[in-house]
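Asker: Okay, here's the structure, questions in a sec.
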Amino acid sequence: MSRKLEILFEDNHLIAINKISGDIVQGDKTGDEPLNEIVAAHLKEKYNKPGDAFVGTIHRIDRPVSGIVLFAKTSKALARMNAQFQDKEVQKTYWAVVKNQPPKQIETITHHLLRNRQKNKSYAYAHEYKDSKESTLKYEVIKKLDRYFLLEVTPFTGRHHQIRVQLSTIGSPIKGDVKYGFDRTNHDASIHLHARKINFTHPVTKEIIEIIAPTPNEVIWNACS
């Protein structure tokens, strides 16, 4: 019996899942069962497929992050969605709960990120360095909570740990994200970063699609809605 998934959107070409924190999107060295295999098992069971179901991974979000992950159910949809991501035609919106109020209510910020693969960490600099990648995002403070601030974040580039390191660099680390400056972990090892919304052109029907993922059922996230 495959695990119950929160499916946000499904047709013959695509399936969008509201990923829970802790799931990995694709297999890695941990050997833990990845979400793409869980989705494949779900589709095989649901449609009584004799062979394995095709599940193409279009994009990923970090393990401690929750929210929308989009998979392709056909190779044609996968190729076309990959092209949309490559051409920056997909708009992704995140919600982040941060410790300190950012410098401005709304701002677009750019840093140059250097990735350290050994430490699985990125570092942000004001100026360009060898092998650094320019990274830009826009944030807006959309709610003040008792002890935290809820930001809506739109990344314009897709760099490793981009939102986490850029918000930390401006003095607003994400709740639970000890790797990037928050003072303690969340009890479930999650961080308060959620892939909230995705907008794209359907790879086959050419319709404009918008998918929104409910936030996790948790005290601070519940205070955000």
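Just remember, in the structure tokens the first chain shown is A, the second B, etc., residues are 1-based per chain, and ligands are 1-based in the order shown.
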Please return, as an mmCIF file with N, CA and C atoms, in the first residue's frame, all residues of region 8-84 of chain A that DSSP assigns to helix (DSSP H, G or I) on the basis of the backbone.
Answerer:
```cif
data_model
loop_
_atom_site.group_PDB
_atom_site.id
_atom_site.type_symbol
_atom_site.label_atom_id
_atom_site.label_comp_id
_atom_site.auth_asym_id
_atom_site.auth_seq_id
_atom_site.Cartn_x
_atom_site.Cartn_y
_atom_site.Cartn_z
ATOM 1 N N LEU A 35 10.573 10.970 -2.591
ATOM 2 C CA LEU A 35 9.202 11.303 -2.967
ATOM 3 C C LEU A 35 8.871 10.841 -4.385
ATOM 4 N N ASN A 36 9.839 10.937 -5.316
ATOM 5 C CA ASN A 36 9.517 10.520 -6.688
ATOM 6 C C ASN A 36 9.155 9.034 -6.753
ATOM 7 N N GLU A 37 9.774 8.205 -5.900
ATOM 8 C CA GLU A 37 9.432 6.777 -5.873
ATOM 9 C C GLU A 37 8.085 6.533 -5.178
ATOM 10 N N ILE A 38 7.789 7.340 -4.156
ATOM 11 C CA ILE A 38 6.490 7.235 -3.471
ATOM 12 C C ILE A 38 5.362 7.597 -4.438
ATOM 13 N N VAL A 39 5.593 8.654 -5.233
ATOM 14 C CA VAL A 39 4.597 9.073 -6.231
ATOM 15 C C VAL A 39 4.425 7.985 -7.299
ATOM 16 N N ALA A 40 5.536 7.396 -7.749
ATOM 17 C CA ALA A 40 5.457 6.328 -8.757
ATOM 18 C C ALA A 40 4.665 5.131 -8.238
ATOM 19 N N ALA A 41 4.895 4.772 -6.966
ATOM 20 C CA ALA A 41 4.156 3.653 -6.358
ATOM 21 C C ALA A 41 2.663 3.989 -6.262
ATOM 22 N N HIS A 42 2.363 5.232 -5.913
ATOM 23 C CA HIS A 42 0.964 5.679 -5.824
ATOM 24 C C HIS A 42 0.275 5.575 -7.183
ATOM 25 N N LEU A 43 0.947 6.031 -8.252
ATOM 26 C CA LEU A 43 0.346 6.006 -9.589
ATOM 27 C C LEU A 43 0.175 4.574 -10.106
ATOM 28 N N LYS A 44 1.157 3.753 -9.833
ATOM 29 C CA LYS A 44 1.087 2.338 -10.252
ATOM 30 C C LYS A 44 -0.132 1.665 -9.624
ATOM 31 N N GLU A 45 -0.320 1.951 -8.318
ATOM 32 C CA GLU A 45 -1.439 1.345 -7.583
ATOM 33 C C GLU A 45 -2.774 1.936 -8.033
ATOM 34 N N LYS A 46 -2.839 3.263 -8.145
ATOM 35 C CA LYS A 46 -4.100 3.943 -8.475
ATOM 36 C C LYS A 46 -4.633 3.520 -9.843
ATOM 37 N N SER A 75 7.239 11.706 -20.588
ATOM 38 C CA SER A 75 8.547 12.263 -20.954
ATOM 39 C C SER A 75 8.389 13.573 -21.719
ATOM 40 N N LYS A 76 7.290 13.696 -22.502
ATOM 41 C CA LYS A 76 7.039 14.936 -23.242
ATOM 42 C C LYS A 76 6.804 16.099 -22.266
ATOM 43 N N ALA A 77 5.978 15.875 -21.249
ATOM 44 C CA ALA A 77 5.707 16.923 -20.252
ATOM 45 C C ALA A 77 6.981 17.282 -19.495
ATOM 46 N N LEU A 78 7.802 16.272 -19.197
ATOM 47 C CA LEU A 78 9.063 16.522 -18.484
ATOM 48 C C LEU A 78 9.978 17.433 -19.303
ATOM 49 N N ALA A 79 10.155 17.117 -20.582
ATOM 50 C CA ALA A 79 11.047 17.909 -21.443
ATOM 51 C C ALA A 79 10.549 19.348 -21.570
ATOM 52 N N ARG A 80 9.254 19.502 -21.726
ATOM 53 C CA ARG A 80 8.694 20.849 -21.900
ATOM 54 C C ARG A 80 8.752 21.662 -20.596
ATOM 55 N N MET A 81 8.527 21.014 -19.468
ATOM 56 C CA MET A 81 8.610 21.730 -18.186
ATOM 57 C C MET A 81 10.065 22.070 -17.856
ATOM 58 N N ASN A 82 10.986 21.154 -18.177
ATOM 59 C CA ASN A 82 12.415 21.452 -17.985
ATOM 60 C C ASN A 82 12.809 22.706 -18.766
ATOM 61 N N ALA A 83 12.288 22.820 -19.979
ATOM 62 C CA ALA A 83 12.597 23.983 -20.823
ATOM 63 C C ALA A 83 12.036 25.264 -20.198
ATOM 64 N N GLN A 84 10.828 25.172 -19.637
ATOM 65 C CA GLN A 84 10.238 26.354 -18.982
ATOM 66 C C GLN A 84 11.066 26.802 -17.778
#
```
Asker: Could you give me the residues within region 39-131 of chain A that DSSP places in strand (DSSP E or B), as a PyMOL selection string?
Answerer: chain A and resi 56-57+66-72+91-98+106-116+121-125
Asker: Which residues, written as a PyMOL selection string, have at least one atom at most 10 Å from Phe200 (chain A), with only C-alpha atoms counted and residues fewer than 6 positions away on the same chain left out?
Answerer: chain A and resi 81+84-85+88-92+206-211
Asker: Taking only C-alpha atoms into account, produce a table as CSV in which each residue of region 144-178 of chain A with an atom at most 12 Å from an atom of region 128-137 of chain A appears once, together with its shortest atom pair and the distance in Å to one decimal, ordered by chain and rising number.
Answerer:
```
residue,atom,partner,partner_atom,distance
A:Leu151,CA,A:Leu137,CA,11.8
A:Glu152,CA,A:Leu137,CA,10.4
A:Val153,CA,A:Leu137,CA,6.9
A:Thr154,CA,A:Leu137,CA,5.6
A:Pro155,CA,A:Leu137,CA,4.1
A:Phe156,CA,A:Leu137,CA,5.4
A:Thr157,CA,A:Ser135,CA,5.6
A:Gly158,CA,A:Ser135,CA,7.6
A:Arg159,CA,A:Ser135,CA,6.7
A:His160,CA,A:Ser135,CA,9.7
A:His161,CA,A:Ser135,CA,10.4
A:Gln162,CA,A:Ser135,CA,7.0
A:Ile163,CA,A:Leu137,CA,7.6
A:Arg164,CA,A:Leu137,CA,11.1
A:Val165,CA,A:Ser135,CA,10.3
A:Gln166,CA,A:Leu137,CA,8.3
A:Leu167,CA,A:Leu137,CA,9.5
```
Asker: Which residue out of A:Ala53, A:Val98, A:Leu70, A:Val25 has the minimum interatomic distance to Lys197 (chain A) when only C-alpha atoms are used?
Answerer: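 Checking each of A:Ala53, A:Val98, A:Leu70, A:Val25 against Lys197 (chain A), counting only C-alpha atoms, the winner is A:Leu70.
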Asker: Skipping near chain neighbours, those fewer than 2 positions away, what residues fall within 7 Å of Ser66 (chain A) using only C-alpha atoms, listed as a ChimeraX atom specification?
Answerer: /A:19-21,64,193-195
